[in-house]
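Engineer: This is the content of start.cif (mmCIF, C-alpha atoms and all ligand atoms; chains and numbers go by the auth columns):
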```cif
data_start
loop_
_atom_site.group_PDB
_atom_site.id
_atom_site.type_symbol
_atom_site.label_atom_id
_atom_site.label_comp_id
_atom_site.label_asym_id
_atom_site.label_seq_id
_atom_site.Cartn_x
_atom_site.Cartn_y
_atom_site.Cartn_z
_atom_site.B_iso_or_equiv
_atom_site.auth_seq_id
_atom_site.auth_asym_id
ATOM 1 C CA MET A 1 0.000 0.000 0.000 0.00 1 W
ATOM 2 C CA GLN A 2 1.214 3.499 -0.781 0.00 2 W
ATOM 3 C CA ILE A 3 0.303 6.845 0.687 0.00 3 W
ATOM 4 C CA THR A 4 -2.380 8.412 -1.497 0.00 4 W
ATOM 5 C CA LYS A 5 -5.423 10.581 -0.868 0.00 5 W
ATOM 6 C CA ASP A 6 -7.721 9.250 1.889 0.00 6 W
ATOM 7 C CA LYS A 7 -5.081 6.956 3.442 0.00 7 W
ATOM 8 C CA VAL A 8 -4.175 7.354 7.093 0.00 8 W
ATOM 9 C CA ALA A 9 -0.412 7.210 7.528 0.00 9 W
ATOM 10 C CA THR A 10 1.761 7.015 10.640 0.00 10 W
ATOM 11 C CA PHE A 11 5.337 8.203 10.617 0.00 11 W
ATOM 12 C CA ASP A 12 8.267 8.779 12.924 0.00 12 W
ATOM 13 C CA TYR A 13 9.972 12.110 12.450 0.00 13 W
ATOM 14 C CA GLU A 14 12.755 14.358 13.500 0.00 14 W
ATOM 15 C CA LEU A 15 12.439 18.049 12.671 0.00 15 W
ATOM 16 C CA LYS A 16 15.552 20.215 12.576 0.00 16 W
ATOM 17 C CA ASP A 17 16.153 23.832 11.690 0.00 17 W
ATOM 18 C CA GLU A 18 18.758 25.228 9.296 0.00 18 W
ATOM 19 C CA GLU A 19 21.507 24.847 11.914 0.00 19 W
ATOM 20 C CA GLY A 20 20.656 21.196 12.592 0.00 20 W
ATOM 21 C CA VAL A 21 19.085 21.935 15.982 0.00 21 W
ATOM 22 C CA VAL A 22 16.306 19.439 16.737 0.00 22 W
ATOM 23 C CA ILE A 23 13.030 21.362 17.084 0.00 23 W
ATOM 24 C CA ASP A 24 10.699 18.402 17.497 0.00 24 W
ATOM 25 C CA SER A 25 10.798 14.646 17.258 0.00 25 W
ATOM 26 C CA SER A 26 8.588 11.596 17.678 0.00 26 W
ATOM 27 C CA GLU A 27 11.311 9.920 19.754 0.00 27 W
ATOM 28 C CA GLY A 28 9.656 8.311 22.766 0.00 28 W
ATOM 29 C CA HIS A 29 6.141 8.922 21.415 0.00 29 W
ATOM 30 C CA THR A 30 3.755 7.109 19.150 0.00 30 W
ATOM 31 C CA GLY A 31 4.483 8.451 15.668 0.00 31 W
ATOM 32 C CA MET A 32 2.429 11.174 14.046 0.00 32 W
ATOM 33 C CA VAL A 33 -0.841 9.957 12.510 0.00 33 W
ATOM 34 C CA TYR A 34 -2.558 11.982 9.806 0.00 34 W
ATOM 35 C CA LEU A 35 -5.139 11.784 7.017 0.00 35 W
ATOM 36 C CA HIS A 36 -3.383 12.253 3.677 0.00 36 W
ATOM 37 C CA GLY A 37 -4.828 14.845 1.331 0.00 37 W
ATOM 38 C CA ALA A 38 -6.684 16.745 4.054 0.00 38 W
ATOM 39 C CA ASP A 39 -4.150 19.470 4.950 0.00 39 W
ATOM 40 C CA ASN A 40 -3.476 17.833 8.338 0.00 40 W
ATOM 41 C CA ILE A 41 0.273 18.444 8.005 0.00 41 W
ATOM 42 C CA VAL A 42 2.281 21.219 6.366 0.00 42 W
ATOM 43 C CA PRO A 43 1.966 21.162 2.546 0.00 43 W
ATOM 44 C CA GLY A 44 5.657 20.584 1.807 0.00 44 W
ATOM 45 C CA LEU A 45 5.718 17.486 3.989 0.00 45 W
ATOM 46 C CA GLU A 46 2.380 16.187 2.727 0.00 46 W
ATOM 47 C CA ASN A 47 3.623 16.439 -0.870 0.00 47 W
ATOM 48 C CA ALA A 48 6.773 14.498 0.056 0.00 48 W
ATOM 49 C CA MET A 49 4.695 11.722 1.701 0.00 49 W
ATOM 50 C CA GLU A 50 2.718 11.064 -1.499 0.00 50 W
ATOM 51 C CA GLY A 51 3.436 7.592 -2.894 0.00 51 W
ATOM 52 C CA LYS A 52 5.629 6.447 0.004 0.00 52 W
ATOM 53 C CA SER A 53 5.365 2.927 1.480 0.00 53 W
ATOM 54 C CA VAL A 54 5.767 1.467 4.987 0.00 54 W
ATOM 55 C CA LYS A 55 9.432 1.411 6.084 0.00 55 W
ATOM 56 C CA ASP A 56 10.390 4.138 3.590 0.00 56 W
ATOM 57 C CA SER A 57 12.868 6.537 5.213 0.00 57 W
ATOM 58 C CA PHE A 58 13.643 9.882 3.629 0.00 58 W
ATOM 59 C CA SER A 59 14.682 13.435 4.326 0.00 59 W
ATOM 60 C CA VAL A 60 12.883 16.464 2.990 0.00 60 W
ATOM 61 C CA VAL A 61 13.658 20.164 3.231 0.00 61 W
ATOM 62 C CA VAL A 62 10.496 22.265 3.344 0.00 62 W
ATOM 63 C CA PRO A 63 10.782 26.003 2.678 0.00 63 W
ATOM 64 C CA ALA A 64 8.837 28.228 5.065 0.00 64 W
ATOM 65 C CA GLU A 65 6.272 29.002 2.339 0.00 65 W
ATOM 66 C CA GLU A 66 5.327 25.286 2.273 0.00 66 W
ATOM 67 C CA GLY A 67 5.775 24.904 6.026 0.00 67 W
ATOM 68 C CA TYR A 68 4.380 27.236 8.668 0.00 68 W
ATOM 69 C CA GLY A 69 4.396 30.261 6.387 0.00 69 W
ATOM 70 C CA LEU A 70 6.462 33.403 6.281 0.00 70 W
ATOM 71 C CA ARG A 71 6.779 35.757 9.218 0.00 71 W
ATOM 72 C CA HIS A 72 4.549 38.820 8.951 0.00 72 W
ATOM 73 C CA ASP A 73 5.464 41.979 10.838 0.00 73 W
ATOM 74 C CA SER A 74 1.754 42.857 10.822 0.00 74 W
ATOM 75 C CA MET A 75 1.225 39.933 13.219 0.00 75 W
ATOM 76 C CA ILE A 76 3.295 41.784 15.819 0.00 76 W
ATOM 77 C CA GLN A 77 1.113 44.225 17.712 0.00 77 W
ATOM 78 C CA THR A 78 1.077 46.256 20.888 0.00 78 W
ATOM 79 C CA VAL A 79 -1.979 45.743 23.070 0.00 79 W
ATOM 80 C CA ALA A 80 -3.014 46.938 26.533 0.00 80 W
ATOM 81 C CA LEU A 81 -2.255 44.815 29.573 0.00 81 W
ATOM 82 C CA GLU A 82 -5.974 44.837 30.528 0.00 82 W
ATOM 83 C CA MET A 83 -6.646 42.632 27.474 0.00 83 W
ATOM 84 C CA PHE A 84 -5.164 39.724 29.399 0.00 84 W
ATOM 85 C CA GLU A 85 -7.708 40.000 32.213 0.00 85 W
ATOM 86 C CA GLY A 86 -5.262 39.422 35.029 0.00 86 W
ATOM 87 C CA ALA A 87 -3.319 36.558 33.446 0.00 87 W
ATOM 88 C CA ASP A 88 0.389 36.287 34.228 0.00 88 W
ATOM 89 C CA VAL A 89 1.879 38.292 31.334 0.00 89 W
ATOM 90 C CA VAL A 90 5.620 37.676 31.088 0.00 90 W
ATOM 91 C CA VAL A 91 7.968 37.597 28.103 0.00 91 W
ATOM 92 C CA GLY A 92 7.664 34.218 26.375 0.00 92 W
ATOM 93 C CA ALA A 93 4.194 33.435 27.738 0.00 93 W
ATOM 94 C CA GLN A 94 1.767 32.047 25.159 0.00 94 W
ATOM 95 C CA PHE A 95 -1.946 32.751 24.915 0.00 95 W
ATOM 96 C CA HIS A 96 -4.671 31.567 22.596 0.00 96 W
ATOM 97 C CA ALA A 97 -6.419 34.080 20.404 0.00 97 W
ATOM 98 C CA GLU A 98 -8.194 34.274 17.054 0.00 98 W
ATOM 99 C CA ASN A 99 -6.803 35.758 13.873 0.00 99 W
ATOM 100 C CA PRO A 100 -8.969 38.115 11.753 0.00 100 W
ATOM 101 C CA GLU A 101 -10.338 35.065 9.897 0.00 101 W
ATOM 102 C CA GLY A 102 -11.536 33.595 13.191 0.00 102 W
ATOM 103 C CA GLN A 103 -9.010 30.764 13.242 0.00 103 W
ATOM 104 C CA PRO A 104 -7.316 29.882 16.537 0.00 104 W
ATOM 105 C CA ILE A 105 -3.733 31.055 16.808 0.00 105 W
ATOM 106 C CA ALA A 106 -1.169 31.093 19.570 0.00 106 W
ATOM 107 C CA ILE A 107 0.296 34.457 20.419 0.00 107 W
ATOM 108 C CA THR A 108 3.598 34.907 22.204 0.00 108 W
ATOM 109 C CA VAL A 109 4.438 37.816 24.499 0.00 109 W
ATOM 110 C CA LYS A 110 7.554 39.553 23.177 0.00 110 W
ATOM 111 C CA GLU A 111 7.840 42.586 25.455 0.00 111 W
ATOM 112 C CA VAL A 112 6.081 44.073 28.443 0.00 112 W
ATOM 113 C CA ASN A 113 6.538 47.838 28.897 0.00 113 W
ATOM 114 C CA GLY A 114 4.299 48.967 31.704 0.00 114 W
ATOM 115 C CA ASN A 115 0.758 48.837 30.308 0.00 115 W
ATOM 116 C CA ASP A 116 1.942 48.057 26.768 0.00 116 W
ATOM 117 C CA VAL A 117 2.339 44.413 25.799 0.00 117 W
ATOM 118 C CA VAL A 118 3.971 43.505 22.481 0.00 118 W
ATOM 119 C CA ILE A 119 2.518 40.261 21.134 0.00 119 W
ATOM 120 C CA ASP A 120 3.586 38.139 18.162 0.00 120 W
ATOM 121 C CA GLY A 121 0.882 36.124 16.390 0.00 121 W
ATOM 122 C CA ASN A 122 3.287 34.430 14.000 0.00 122 W
ATOM 123 C CA HIS A 123 3.579 30.663 14.357 0.00 123 W
ATOM 124 C CA PRO A 124 6.815 29.962 16.266 0.00 124 W
ATOM 125 C CA LEU A 125 8.085 28.126 13.159 0.00 125 W
ATOM 126 C CA ALA A 126 6.970 30.800 10.660 0.00 126 W
ATOM 127 C CA GLY A 127 9.880 31.796 8.440 0.00 127 W
ATOM 128 C CA VAL A 128 11.836 28.652 9.342 0.00 128 W
ATOM 129 C CA LYS A 129 13.103 26.260 6.663 0.00 129 W
ATOM 130 C CA LEU A 130 12.160 22.829 8.005 0.00 130 W
ATOM 131 C CA HIS A 131 14.416 19.774 7.713 0.00 131 W
ATOM 132 C CA PHE A 132 12.439 16.578 8.278 0.00 132 W
ATOM 133 C CA ASP A 133 13.791 13.030 8.632 0.00 133 W
ATOM 134 C CA ILE A 134 10.825 10.721 8.140 0.00 134 W
ATOM 135 C CA THR A 135 10.201 6.982 8.478 0.00 135 W
ATOM 136 C CA VAL A 136 6.779 5.694 7.450 0.00 136 W
ATOM 137 C CA THR A 137 5.545 3.102 9.981 0.00 137 W
ATOM 138 C CA ASP A 138 1.929 2.400 8.989 0.00 138 W
ATOM 139 C CA ILE A 139 -0.558 3.037 6.176 0.00 139 W
ATOM 140 C CA ARG A 140 -4.232 2.111 6.224 0.00 140 W
ATOM 141 C CA ASP A 141 -7.499 3.155 4.615 0.00 141 W
ATOM 142 C CA ALA A 142 -9.284 5.992 6.388 0.00 142 W
ATOM 143 C CA THR A 143 -12.602 5.142 8.044 0.00 143 W
ATOM 144 C CA ALA A 144 -15.800 6.816 6.861 0.00 144 W
ATOM 145 C CA GLU A 145 -15.823 8.816 10.103 0.00 145 W
ATOM 146 C CA GLU A 146 -12.269 10.044 9.566 0.00 146 W
ATOM 147 C CA LEU A 147 -13.106 11.124 6.009 0.00 147 W
ATOM 148 C CA ALA A 148 -16.207 12.938 7.275 0.00 148 W
ATOM 149 C CA HIS A 149 -14.167 14.744 9.939 0.00 149 W
ATOM 150 C CA GLY A 150 -11.187 15.448 7.685 0.00 150 W
ATOM 151 C CA HIS A 151 -8.627 14.091 10.170 0.00 151 W
ATOM 152 C CA ALA A 152 -7.244 10.829 11.569 0.00 152 W
ATOM 153 C CA HIS A 153 -8.512 9.275 14.785 0.00 153 W
ATOM 154 C CA GLY A 154 -6.756 6.994 17.264 0.00 154 W
ATOM 155 C CA ALA A 155 -3.383 6.765 18.961 0.00 155 W
ATOM 156 C CA GLY A 156 -1.013 9.474 17.867 0.00 156 W
ATOM 157 C CA SER A 157 -3.660 11.688 16.320 0.00 157 W
ATOM 158 C CA GLU A 158 -4.254 15.107 17.786 0.00 158 W
ATOM 159 C CA HIS A 159 -8.016 14.673 17.715 0.00 159 W
ATOM 160 C CA HIS A 160 -9.901 12.907 20.466 0.00 160 W
ATOM 161 C CA HIS A 161 -13.650 12.722 20.669 0.00 161 W
HETATM 162 ZN ZN ZN B . -12.797 13.537 14.325 0.00 201 Y
#
```
Mind turning this structure into structure tokens?
Structural biologist:
Amino acid sequence: MQITKDKVATFDYELKDEEGVVIDSSEGHTGMVYLHGADNIVPGLENAMEGKSVKDSFSVVVPAEEGYGLRHDSMIQTVALEMFEGADVVVGAQFHAENPEGQPIAITVKEVNGNDVVIDGNHPLAGVKLHFDITVTDIRDATAEELAHGHAHGAGSEHHH
């Protein structure tokens, strides 16, 4: 079986940045499970998974445009401390918010100057060229429920119902 649209694939991964620093890895976890062809993973990686078989190991370099996107200065804003409603606002703290399209995003506190808080709504990996080392560990047909939901279910998936 090969990875094609509507297959659920599991893979082990190591993600490194341009300098070879490991950003994330499946080491010690169940691998990542996703529904192929449903935008569950970044486009550059999904394209590289197409046609792969179980036990295939490969490396792929994904430019930021096909990864977590480019960094946008417009996503960096200064807001008032009151917006955080008493939460502990320190540099590096992350909060959940919505972007103008209503999608959930994580914002990171960059600076706190008295009542002014500088927040960054860019994904932490925006603008980063991603180096993936991938090993495919499982491929199966998606269930009707998974196809209806547009994501994989079960161990290793990020969706639990
Ligand atoms: Zn679901």
Engineer: Given the file above and the PyMOL selection byres (((chain W and resi 74) around 10) and not hetatm), which residues are selected, and can you give them as number ranges by chain?
Structural biologist: W: 71-73, 75-77, 120-122
Engineer: Report as a list in words the residues that result from applying the PyMOL selection byres (((chain W and resi 85-91) around 6) and not hetatm) to the structure here.
Structural biologist: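 Taken on the displayed file, the PyMOL selection byres (((chain W and resi 85-91) around 6) and not hetatm) yields the residues Glu82, Met83, Phe84, Gly92, Ala93, Val109, Lys110 and Glu111 of chain W.
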Engineer: Would you compute the distance between CA of Thr78 (chain W) and CA of Pro63 (chain W)? Give it in Å to one decimal.
Structural biologist: 28.9 Å
Engineer: Using the chain letters and numbering of this document, enumerate as a PyMOL selection string the residues selected by the PyMOL selection byres (((chain W and resi 127-129) around 8) and not hetatm).
Structural biologist: chain W and resi 17-18+61-65+67-71+125-126+130-131
Engineer: Rank W:Asn40, W:Ile119, W:Glu50, W:Ala80 by their smallest atom-to-atom distance to ligand ZN 201 (chain Y), using only C-alpha atoms and all ligand atoms, and report the top residue only.
Structural biologist: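 Among W:Asn40, W:Ile119, W:Glu50, W:Ala80, it is W:Asn40 that comes nearest to ligand ZN 201 (chain Y).
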Engineer: So, counting only C-alpha atoms and all ligand atoms, which residue among W:Gly102, W:Leu35, W:Leu81, W:Pro124 is closest to ligand ZN 201 (chain Y)?
Structural biologist: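 Distance minimum relative to ligand ZN 201 (chain Y) lands on W:Leu35.
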Engineer: Can you measure CA of Ser53 (chain W) to CA of Val21 (chain W) for me? One decimal in Å is fine.
Structural biologist: 27.6 Å
Engineer: So how far away is CA of Phe95 (chain W) from CA of Ile107 (chain W), in Å?
Structural biologist: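 Computed distance, CA of Ile107 (chain W) to CA of Phe95 (chain W), equals 5.3 Å.
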Engineer: Specify the axis-aligned box that encloses all atoms of region 77-83 of chain W listed in the file after padding of 5 Å on each side, stating its centre and edge lengths in Å to one decimal as lines of an AutoDock Vina configuration file.
Structural biologist:
```
center_x = -2.8
center_y = 44.8
center_z = 24.1
size_x = 17.8
size_y = 14.3
size_z = 22.8
```
Engineer: Using all atoms listed in the file, what residues lie at most 9 Å away from (0.0, 10.6, -1.0) (file coordinates), given as a list in words?
Structural biologist: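 Applying the cut-off with all atoms listed in the file, one gets Gln2, Ile3, Thr4, Lys5, Asp6, Lys7, His36, Gly37, Glu46, Asn47, Ala48, Met49, Glu50, Gly51 and Lys52 of chain W.
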Engineer: Please identify all polymer residues within 7 Å of Glu66 (chain W), counting all atoms listed in the file, omitting same-chain residues fewer than 4 positions from it, and present them as an mmCIF file with C-alpha atoms, keeping the file's coordinate frame.
Structural biologist:
```cif
data_model
loop_
_atom_site.group_PDB
_atom_site.id
_atom_site.type_symbol
_atom_site.label_atom_id
_atom_site.label_comp_id
_atom_site.auth_asym_id
_atom_site.auth_seq_id
_atom_site.Cartn_x
_atom_site.Cartn_y
_atom_site.Cartn_z
ATOM 1 C CA VAL W 42 2.281 21.219 6.366
ATOM 2 C CA PRO W 43 1.966 21.162 2.546
ATOM 3 C CA GLY W 44 5.657 20.584 1.807
ATOM 4 C CA VAL W 62 10.496 22.265 3.344
#
```
Engineer: Around (4.3, 5.4, 7.2) in the file's frame, which residues reach within 10 Å when counting only C-alpha atoms? Return as a list in words?
Structural biologist: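 Applying the cut-off with only C-alpha atoms, one gets Met1, Gln2, Ile3, Val8, Ala9, Thr10, Phe11, Asp12, Gly31, Met32, Val33, Tyr34, Met49, Lys52, Ser53, Val54, Lys55, Asp56, Ser57, Ile134, Thr135, Val136, Thr137, Asp138, Ile139 and Arg140 of chain W.
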